[in-house]
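Asker: To start, I am sharing the structure in question, which I have written as structure tokens.
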Amino acid sequence: MKRVNFLICIAIAVVCVSFWALINRPEQEPPWPSRIQGFSFSPFREGESSITGPYPTETEIDADLALLSNKTYAVRTYSVQGTLAKIPAMARKYKLNVALGAWISKDMERNEAEVTSVIQLACENWRNVVRVVVGNESLLRNDVTVEQITGYLDRVRAGIRAAGITTPVSTAEPWHVWFKHPELGEHVDYVATHMLPYWEGIPLDHAVDYVVEHVNLLKETFPDKPIVITEVGWPSNGRTRHLAVASPAAEATFLRRFLARAEQEKYIYYVMEAFDQPWKAASEGAVGAYWGVYDVNRHPKFAFTSPVVNIPQWRSLAAISVGIAIITFTLLLIDSQTLQKRGRSFLALIAFGAATAGVWIVYSYSRQYLTVSTVLVGLLMVIGMIGVVTVLLAEAHEWAEAIWVSRWRRPFTPVLIPDEDMPMVSVHVPAYNEPPDMLIETLNALAALDYPRFEVLVIDNNTHDPNVWQPVQAHCEKLGGRFRFFHVDPLAGFKAGALNFAMAHTAAEASVIAVIDSDYIVAPNWLRDLATQFVKSSVAIVQAPQDYRDDSDNMFKAMCYAEYRGFFYIGMITRNERNAIIQHGTMTMVRKSVLEEVGGWAEWCITEDAELGLKIFEKGYEAVYIAQSYGKGVMPDTFIDFKKQRFRWAYGAVRIMRHHARTLLLPGGSRLTWGQRYHFIAGWIPWMADSINLLFTLAALAWSILMCMMPLKFDPPLVILSVMPMSLFIFKAAKMVYLYRNRVKANITQTLASALAGLSLSHIIAKAILQGFFTRGVPFFRTPKLASSHALFHALQSAREEGLIALSLWLSVFAITIRQGTDTPDELMWIMVLVIQSIPYLAAVVMAVISGFSRVPARIIGQMTETPSVIQEPKPTEG
């Protein structure tokens with residue numbers, strides 16, 4: 001590693017470790033008492049459930065009571081069903097008092113059994129049953145009415161009194177239920193309240209004061225009744241609720257502060273709760289499982305006396321993140337000797353940031369209790385995270401290499417040679433059912449070429465109407481012997497078949513084949529400026545950008561034009577640095593001997609041009625790219641044609657990737673460099689990400705439906721899962737704005753137009769990629785030239801799929817807001833994710849509408865300025 005890279009790595013590593021240390025500063029809190037007054041006690045273990053069973057065994061209950069015997073004076077129970085009825089007698093063995101609970105629900109038959117049993121057990125165990133709790137948040141859940149709960153209270157009080165026992169009786173509810181129904185005070189011996197500030201979104205630093213304030217309010221409201229806090233606690237995991245964050249450190253902080261304050265205030269309390277109860281996640285959401293002081297395996301979850309640290313293992317996590325970041329940074333700097341310090345620092349920040357985020361996400365997710373579903377979600381999360389980070393790093397690498405390089409390694413260098421030494425060029429113009437006037441204009445431009453030795457072959461394949469091809473044939477005859485016209489019907493192989501036919505009829509003395517589309521008007525100096533590059537024997541391809549002349553026709557075309565330019569003036573330039581450009585089927589030249597060597601144009605591939613370029617690179621030849629326009633064609637006239645063109649490019653990319661997978665991924669077998677392999681794979685990654693994003697969108701809709709339809713609470717995905725797609729979207733948006741402003745020289749309107757046009761293609765690209773992996777028979781899509789624009793209704797039809805998905809996402813947002821609200825950051829973040837996911841689909845609808853209004857002027861977008869090309873001074877050849 002170079003010295004500057006080492007210093008950058010050390011500096012960013014120090015920042016990374018300092019960040020971990022900053023958020024994990026130890027906080028001194030009051031120590032945990034040697035014994036507390038009471039624990040809420042549910043003895044269920046992993047795999048056991050109060051809802052579905054089984055119930056804990058007597059042996060398990062006894063072990064739990066033994067564990068708590070020297071840590072508390074009392075336990076509070078919630079039900080007397082099954083083995084739970086044994087708790088009072090078993091607790092007496094360990095000298096533990098019991099607040100005996102009866103569960104009151106909508107099940108009236110069970111309520112009767114609970115009431116009868118609680119009276120009997122309270123009387124039988126009067127020595128250590130110090131209070132009875134009839135119902136736990138029964139009114140809060142609306143399981144029973146006030147009249148019903150007071151009826152149960154009166155029966156239990158009367159039943160216990162009839163046995164000559166004075167054990168106090170109450171019902172447990174949050175403080176606000178007591179304020180709402182003060183008449184409850186007439187039917188209880190004490191006020192049993194729950195103080196759980198987390199549920200009310202109270203920030204940790206105010207939580208204990210909040211409890212004290214509301215206990216005081218209850219004392220004022222019920223001056224003649226003792227106040228017993230039957231639940232007080234904080235969860236160690238789960239969703240953030242308003243300003244209340246669930247974590248082991250927060251649980252430790254709250255409870256240690258509360259216990260110290262409770263000692264001062266002389267409170268009677270039961271800490272919620274002794275042990276984590278994973279089964280509660282089904283009814284309370286994920287957070288319900290994590291209220292225990294001990295985990296489900298009966299291990300302490302936090303330090304009782306030492307300083308509280310957010311993540312006790314932070315040093316190990318910091319070391320892991322630094323190690324991953326250094327490896328990633330080193331890989332990013334392979335073959336990047338021209339990258340400036342600013343670019344290296346940028347990549348270091350991205351590498352360390354991604355590594356830190358990844359380690360933190362995996363750590364946070366692993367803190368929950370793993371079930372089959374959470375393991376599957378976790379595996380999908382890791383796969384998705386790897387995908388997101390891969391796309392992020394590829395985008396960051398292109399960003400750095402497009403802006404922060406000290407020099408271009410492979411600038412275009414003009415070659416000057418005498419006219420008599422210039423190679424013979426055969427220009428091939430494939431055509432299928434093209435407007436004759438347009439094609440004649442193309443041929444006139446070719447006739448005006450300032451070049452001594454060239455021919456033009458026009459290959460019209462499969463056009464059935466003589467009125468379309470015969471005028472072109474006649475015009476070729478008029479232009480003279482340089483122009484030859486071929487009409488072949490039928491001819492297989494689509495465009496590749498036509499080009500192979502032309503290659504077979506190329507003049508023997510021609511050493512270079514040039515290809516343009518039938519709509520291109522070339523500059524007179526095209527061949528003179530570029531064909532001389534073939535004097536270098538290693539050069540097999542010379543490529544100029546695709547460019548268009550109809551961007552001023554209307555707003556739709558101006559937006560498409562802005563979108564096209566990014567690839568040719570950003571992506572192609574960075575790819576050219578490692579001799580890895582994508583060859584295009586227009587404005588391209590190829591050495592004829594090399595074209596014959598690789599077997600010509602691939603008729604099995606609908607993107608035969610890109611496939612040809614890869615085959616040539618596999619043979620070890622060189623390509624030359626100049627970011628300067630030498631010809632201009634016409635763009636798709638409608639949104640549906642714009643989509644079909646991009647579908648063909650994306651589908652063809654997957655077919656190429658499948659066909660050349662062994663060559664691209666495995667060493668040997670070709671002369672591809674690792675830089676070329678990287679650019680071909682990294683260049684297709686964003687399209688792959690679009691396909692994965694479509695699957696993510698469908699999964700997001702399914703998840704949202706479950707959130708709205710499930711009878712029990714179904715939480716949104718964890719915020720750490722929502723952050724990933726949002727972060728990538730924001731990063732890509734920032735990259736695009738920065739590069740378009742700096743490399744393409746676009747104004748802000750043109751940049752936004754390009755973003756909208758690009759986003760509108762996301763869905764069709766996703767479909768193309770997915771189909772490309774599972775099919776091989778999709779036909780060639782010709783891009784119509786000079787087609788009539790569609791009316792608005794037909795234009796909207798071209799985006800009906802995207803419109804339906806966007807509508808579904810927005811309906812999900814509305815339904816989630818109504819059903820679950822926005823109380824937690826997870827819910828807010830998920831709603832934001834759904835909104836952001838809808839943007840590409842809405843963009844497609846907007847583009848469809850704009851294409852339907854073909855008379856909206858292009859001046860709204862503005863004229864794109866010429867982008868400076870990367871050209872060195874001319875270099876004359878020797879001799």
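To be explicit about the labels: the chains of the structure tokens are called A, B, and onward in the order shown, and within each one the residues are counted from 1, while ligands get numbers from 1 in the order they are shown.
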Excluding same-chain residues fewer than 6 positions from segment 138-142 of chain A, what lies within 12 Å of it counting only C-alpha atoms, as an MDAnalysis selection string?
Answerer: chainID A and resid 78 102:107 111 148:150 152 171:178 180:181 184 193:194 283:284
Asker: Those residues you just picked out, can you put them in a file as a PDB file, in the first residue's frame with C-alpha atoms?
Answerer:
```
ATOM      1  CA  TYR A  78     -50.671 -12.936  35.917  1.00  0.00           C
ATOM      2  CA  ALA A 102     -56.065 -13.610  37.690  1.00  0.00           C
ATOM      3  CA  TRP A 103     -56.175 -13.146  33.918  1.00  0.00           C
ATOM      4  CA  ILE A 104     -59.375 -11.432  32.718  1.00  0.00           C
ATOM      5  CA  SER A 105     -60.052 -11.461  28.967  1.00  0.00           C
ATOM      6  CA  LYS A 106     -62.915 -11.697  26.487  1.00  0.00           C
ATOM      7  CA  ASP A 107     -63.209 -15.412  27.282  1.00  0.00           C
ATOM      8  CA  ASN A 111     -62.647 -15.581  33.498  1.00  0.00           C
ATOM      9  CA  GLN A 148     -67.709  -6.357  34.347  1.00  0.00           C
ATOM     10  CA  ILE A 149     -64.300  -5.761  35.942  1.00  0.00           C
ATOM     11  CA  THR A 150     -65.808  -4.182  39.033  1.00  0.00           C
ATOM     12  CA  TYR A 152     -65.108  -9.510  39.308  1.00  0.00           C
ATOM     13  CA  THR A 171     -56.919  -4.540  39.086  1.00  0.00           C
ATOM     14  CA  ALA A 172     -53.816  -3.465  37.173  1.00  0.00           C
ATOM     15  CA  GLU A 173     -54.100  -0.737  34.560  1.00  0.00           C
ATOM     16  CA  PRO A 174     -51.879   2.050  33.204  1.00  0.00           C
ATOM     17  CA  TRP A 175     -52.163   5.328  35.092  1.00  0.00           C
ATOM     18  CA  HIS A 176     -54.353   7.017  32.481  1.00  0.00           C
ATOM     19  CA  VAL A 177     -57.039   4.294  32.746  1.00  0.00           C
ATOM     20  CA  TRP A 178     -57.327   5.055  36.464  1.00  0.00           C
ATOM     21  CA  LYS A 180     -60.379   7.858  32.990  1.00  0.00           C
ATOM     22  CA  HIS A 181     -62.338   5.599  35.371  1.00  0.00           C
ATOM     23  CA  LEU A 184     -62.667   1.913  40.030  1.00  0.00           C
ATOM     24  CA  THR A 193     -50.755   0.971  38.196  1.00  0.00           C
ATOM     25  CA  HIS A 194     -48.383   0.327  35.338  1.00  0.00           C
ATOM     26  CA  SER A 283     -49.485 -10.017  20.781  1.00  0.00           C
ATOM     27  CA  GLU A 284     -47.357  -6.966  21.600  1.00  0.00           C
TER      28      GLU A 284
END
```
Asker: Skip segment 764-776 of chain A itself and residues of its chain fewer than 5 positions away, then list as number ranges by chain all residues within 10 Å of it, counting only C-alpha atoms.
Answerer: A: 604-605, 643-658, 684, 686-695, 799, 801-802, 844
Asker: Could you please take those selected residues and save N, CA and C atoms as a tab-separated table (two decimals), in the first residue's frame?
Answerer:
```tsv
chain	number	residue	atom	x	y	z
A	604	TRP	N	-27.69	-14.64	-32.32
A	604	TRP	CA	-28.49	-15.13	-31.21
A	604	TRP	C	-28.77	-14.05	-30.17
A	605	CYS	N	-28.08	-12.92	-30.28
A	605	CYS	CA	-28.14	-11.88	-29.24
A	605	CYS	C	-28.80	-10.62	-29.80
A	643	LYS	N	-39.14	2.72	-23.74
A	643	LYS	CA	-39.07	1.56	-22.86
A	643	LYS	C	-38.60	0.32	-23.63
A	644	LYS	N	-39.12	0.11	-24.83
A	644	LYS	CA	-38.73	-1.07	-25.61
A	644	LYS	C	-37.24	-1.05	-25.93
A	645	GLN	N	-36.73	0.13	-26.24
A	645	GLN	CA	-35.29	0.23	-26.53
A	645	GLN	C	-34.47	-0.17	-25.32
A	646	ARG	N	-34.85	0.32	-24.13
A	646	ARG	CA	-34.09	0.00	-22.93
A	646	ARG	C	-34.29	-1.47	-22.52
A	647	PHE	N	-35.47	-2.00	-22.78
A	647	PHE	CA	-35.69	-3.43	-22.52
A	647	PHE	C	-34.71	-4.26	-23.34
A	648	ARG	N	-34.56	-3.90	-24.61
A	648	ARG	CA	-33.64	-4.65	-25.47
A	648	ARG	C	-32.22	-4.58	-24.94
A	649	TRP	N	-31.78	-3.40	-24.53
A	649	TRP	CA	-30.41	-3.25	-24.02
A	649	TRP	C	-30.21	-4.08	-22.75
A	650	ALA	N	-31.18	-4.03	-21.83
A	650	ALA	CA	-31.03	-4.74	-20.56
A	650	ALA	C	-31.15	-6.25	-20.75
A	651	TYR	N	-32.12	-6.68	-21.56
A	651	TYR	CA	-32.28	-8.11	-21.81
A	651	TYR	C	-31.04	-8.67	-22.49
A	652	GLY	N	-30.53	-7.93	-23.47
A	652	GLY	CA	-29.32	-8.36	-24.15
A	652	GLY	C	-28.13	-8.45	-23.22
A	653	ALA	N	-28.05	-7.53	-22.26
A	653	ALA	CA	-26.94	-7.55	-21.30
A	653	ALA	C	-26.94	-8.85	-20.49
A	654	VAL	N	-28.13	-9.28	-20.07
A	654	VAL	CA	-28.20	-10.52	-19.29
A	654	VAL	C	-27.83	-11.72	-20.16
A	655	ARG	N	-28.29	-11.73	-21.39
A	655	ARG	CA	-27.95	-12.84	-22.28
A	655	ARG	C	-26.44	-12.90	-22.51
A	656	ILE	N	-25.81	-11.73	-22.66
A	656	ILE	CA	-24.35	-11.68	-22.81
A	656	ILE	C	-23.68	-12.20	-21.55
A	657	MET	N	-24.18	-11.75	-20.40
A	657	MET	CA	-23.60	-12.16	-19.13
A	657	MET	C	-23.70	-13.69	-18.96
A	658	ARG	N	-24.83	-14.25	-19.31
A	658	ARG	CA	-24.98	-15.70	-19.20
A	658	ARG	C	-24.06	-16.43	-20.17
A	684	TRP	N	-23.13	-3.61	-15.23
A	684	TRP	CA	-24.46	-4.23	-15.26
A	684	TRP	C	-25.09	-4.29	-13.88
A	686	PRO	N	-26.01	-1.94	-11.66
A	686	PRO	CA	-27.20	-1.10	-11.42
A	686	PRO	C	-28.48	-1.67	-12.04
A	687	TRP	N	-28.37	-2.29	-13.22
A	687	TRP	CA	-29.55	-2.91	-13.81
A	687	TRP	C	-29.98	-4.12	-13.00
A	688	MET	N	-29.00	-4.89	-12.51
A	688	MET	CA	-29.35	-6.01	-11.63
A	688	MET	C	-30.06	-5.51	-10.38
A	689	ALA	N	-29.58	-4.37	-9.87
A	689	ALA	CA	-30.21	-3.79	-8.68
A	689	ALA	C	-31.66	-3.41	-8.96
A	690	ASP	N	-31.95	-2.94	-10.19
A	690	ASP	CA	-33.34	-2.62	-10.53
A	690	ASP	C	-34.23	-3.86	-10.45
A	691	SER	N	-33.70	-5.00	-10.91
A	691	SER	CA	-34.52	-6.22	-10.85
A	691	SER	C	-34.76	-6.65	-9.41
A	692	ILE	N	-33.71	-6.55	-8.58
A	692	ILE	CA	-33.88	-6.88	-7.17
A	692	ILE	C	-34.84	-5.90	-6.51
A	693	ASN	N	-34.78	-4.64	-6.93
A	693	ASN	CA	-35.67	-3.63	-6.36
A	693	ASN	C	-37.13	-3.94	-6.69
A	694	LEU	N	-37.39	-4.50	-7.87
A	694	LEU	CA	-38.76	-4.89	-8.20
A	694	LEU	C	-39.24	-5.97	-7.24
A	695	LEU	N	-38.38	-6.96	-6.98
A	695	LEU	CA	-38.75	-8.01	-6.02
A	695	LEU	C	-38.94	-7.42	-4.64
A	799	ALA	N	-47.77	2.99	-19.47
A	799	ALA	CA	-47.24	2.97	-18.10
A	799	ALA	C	-48.26	2.41	-17.12
A	801	GLU	N	-48.68	-0.64	-15.90
A	801	GLU	CA	-48.12	-1.48	-14.83
A	801	GLU	C	-47.50	-0.62	-13.75
A	802	GLU	N	-46.69	0.34	-14.18
A	802	GLU	CA	-46.05	1.22	-13.21
A	802	GLU	C	-47.08	2.02	-12.42
A	844	ALA	N	-42.48	6.93	-14.31
A	844	ALA	CA	-42.93	6.34	-15.57
A	844	ALA	C	-44.26	6.94	-16.01
```
Asker: Would you mind telling me which residue in A:Phe494, A:Phe642, A:Phe412, A:Phe617 lies nearest to Asp529 of chain A when using only C-alpha atoms?
Answerer: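 Of all the options, A:Phe412 lies closest to Asp529 of chain A.
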Asker: Write out as a ChimeraX atom specification each polymer residue whose atoms come within 12 Å of Val308 of chain A, counting only C-alpha atoms; drop sequence neighbours fewer than 2 positions from it.
Answerer: /A:23-32,247-257,301-306,310-312
Asker: Rounded to one decimal, what separation in Å do you get between atom CA of Arg298 of chain A and atom CA of Val80 of chain A?
Answerer: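 These two atoms are separated by 22.6 Å.
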Asker: Residues near segment 538-541 of chain A, anyone? I mean within 9 Å using only C-alpha atoms, not counting same-chain ones fewer than 2 positions away, as a PyMOL selection string.
Answerer: chain A and resi 512+533-536+543+583+588-595+613+616-617+620-625
Asker: Could you write out the selected residues, including C-alpha atoms, as a compact mmCIF listing (two decimals), in the first residue's frame?
Answerer:
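The result, stored in result.txt:
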```txt
# COMPACT_ATOMS: atom_id res chain seq x y z
CA VAL A 512 -12.29 -1.37 -41.62
CA GLN A 533 -6.59 4.98 -35.39
CA PHE A 534 -6.38 1.59 -37.11
CA VAL A 535 -2.77 2.17 -38.10
CA LYS A 536 -2.03 0.76 -34.64
CA GLN A 543 -16.25 4.21 -31.05
CA GLN A 583 -19.41 -1.16 -28.21
CA THR A 588 -18.70 2.37 -34.47
CA MET A 589 -15.80 1.06 -36.53
CA VAL A 590 -14.24 -2.39 -36.30
CA ARG A 591 -11.23 -3.96 -37.97
CA LYS A 592 -12.60 -6.39 -40.56
CA SER A 593 -10.00 -9.10 -39.93
CA VAL A 594 -10.83 -9.11 -36.22
CA LEU A 595 -14.56 -9.18 -36.94
CA GLY A 613 -17.10 -5.73 -28.23
CA ILE A 616 -12.98 -8.66 -29.26
CA PHE A 617 -11.69 -7.78 -25.79
CA GLY A 620 -6.81 -9.08 -26.32
CA TYR A 621 -7.52 -6.24 -28.75
CA GLU A 622 -7.84 -2.58 -27.92
CA ALA A 623 -10.72 -0.13 -28.31
CA VAL A 624 -10.48 3.63 -28.78
CA TYR A 625 -13.23 5.93 -27.53
```
Asker: I need the alpha helix (DSSP H) residues of segment 200-349 of chain A per DSSP on the backbone, written as a ChimeraX atom specification.
Answerer: /A:204-221,248-265,281-284,314-332,341-349
Asker: Using only C-alpha atoms, determine which residues lie at most 9 Å from segment 313-316 of chain A, disregarding the query and same-chain residues fewer than 6 positions distant; provide the list as a list in words.
Answerer: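 Surrounding residues, per the criterion: Val17, Trp20, Ala21 and Asn24 of chain A.
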Asker: Have a look at atom CA of Gly600 of chain A and atom CA of Ile516 of chain A and let me know their distance in Å, one decimal.
Answerer: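 Distance between the two atoms: 16.4 Å.
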Asker: Which of these residues is nearest to Thr371 of chain A, using only C-alpha atoms: A:Glu46, A:Ile268, A:Ala504, A:Arg3?
Answerer: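 Using only C-alpha atoms, Thr371 of chain A sits closest to A:Glu46.
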Asker: Can you measure atom CA of Ser345 of chain A to atom CA of Val15 of chain A for me? One decimal in Å is fine.
Answerer: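 Computed distance, atom CA of Ser345 of chain A to atom CA of Val15 of chain A, equals 12.4 Å.
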Asker: Which polymer residues have any atom within 8 Å of an atom of Ala558 of chain A, counting only C-alpha atoms, with same-chain residues fewer than 6 positions away left out, as a PyMOL selection string?
Answerer: chain A and resi 551-552+858+861-862
Asker: Find the residues around Val271 of chain A up to 6 Å (only C-alpha atoms counted), leave out those fewer than 5 positions away in its own chain, and share them as a PyMOL selection string.
Answerer: chain A and resi 39-40+231-233
Asker: Kindly export the residues of the current selection with N, CA and C atoms, as a PDB file, in the first residue's frame.
Answerer:
```
ATOM      1  N   PHE A  39     -40.516  -8.586  41.354  1.00  0.00           N
ATOM      2  CA  PHE A  39     -40.418  -8.804  39.914  1.00  0.00           C
ATOM      3  C   PHE A  39     -41.775  -9.237  39.386  1.00  0.00           C
ATOM      4  N   SER A  40     -42.156  -8.735  38.229  1.00  0.00           N
ATOM      5  CA  SER A  40     -43.231  -9.384  37.477  1.00  0.00           C
ATOM      6  C   SER A  40     -42.675 -10.709  36.979  1.00  0.00           C
ATOM      7  N   GLU A 231     -46.222  -2.770  37.482  1.00  0.00           N
ATOM      8  CA  GLU A 231     -45.275  -2.959  36.379  1.00  0.00           C
ATOM      9  C   GLU A 231     -44.503  -1.667  36.184  1.00  0.00           C
ATOM     10  N   VAL A 232     -43.192  -1.763  36.170  1.00  0.00           N
ATOM     11  CA  VAL A 232     -42.344  -0.628  35.825  1.00  0.00           C
ATOM     12  C   VAL A 232     -41.117  -1.199  35.131  1.00  0.00           C
ATOM     13  N   GLY A 233     -40.813  -0.708  33.958  1.00  0.00           N
ATOM     14  CA  GLY A 233     -39.669  -1.271  33.241  1.00  0.00           C
ATOM     15  C   GLY A 233     -39.403  -0.574  31.929  1.00  0.00           C
TER      16      GLY A 233
END
```
Asker: Between A:Ala562, A:Ala262, A:Val211, A:Val458, which residue has the minimum interatomic distance to Cys476 of chain A, considering only C-alpha atoms?
Answerer: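 Checking each of A:Ala562, A:Ala262, A:Val211, A:Val458 against Cys476 of chain A, counting only C-alpha atoms, the winner is A:Val458.
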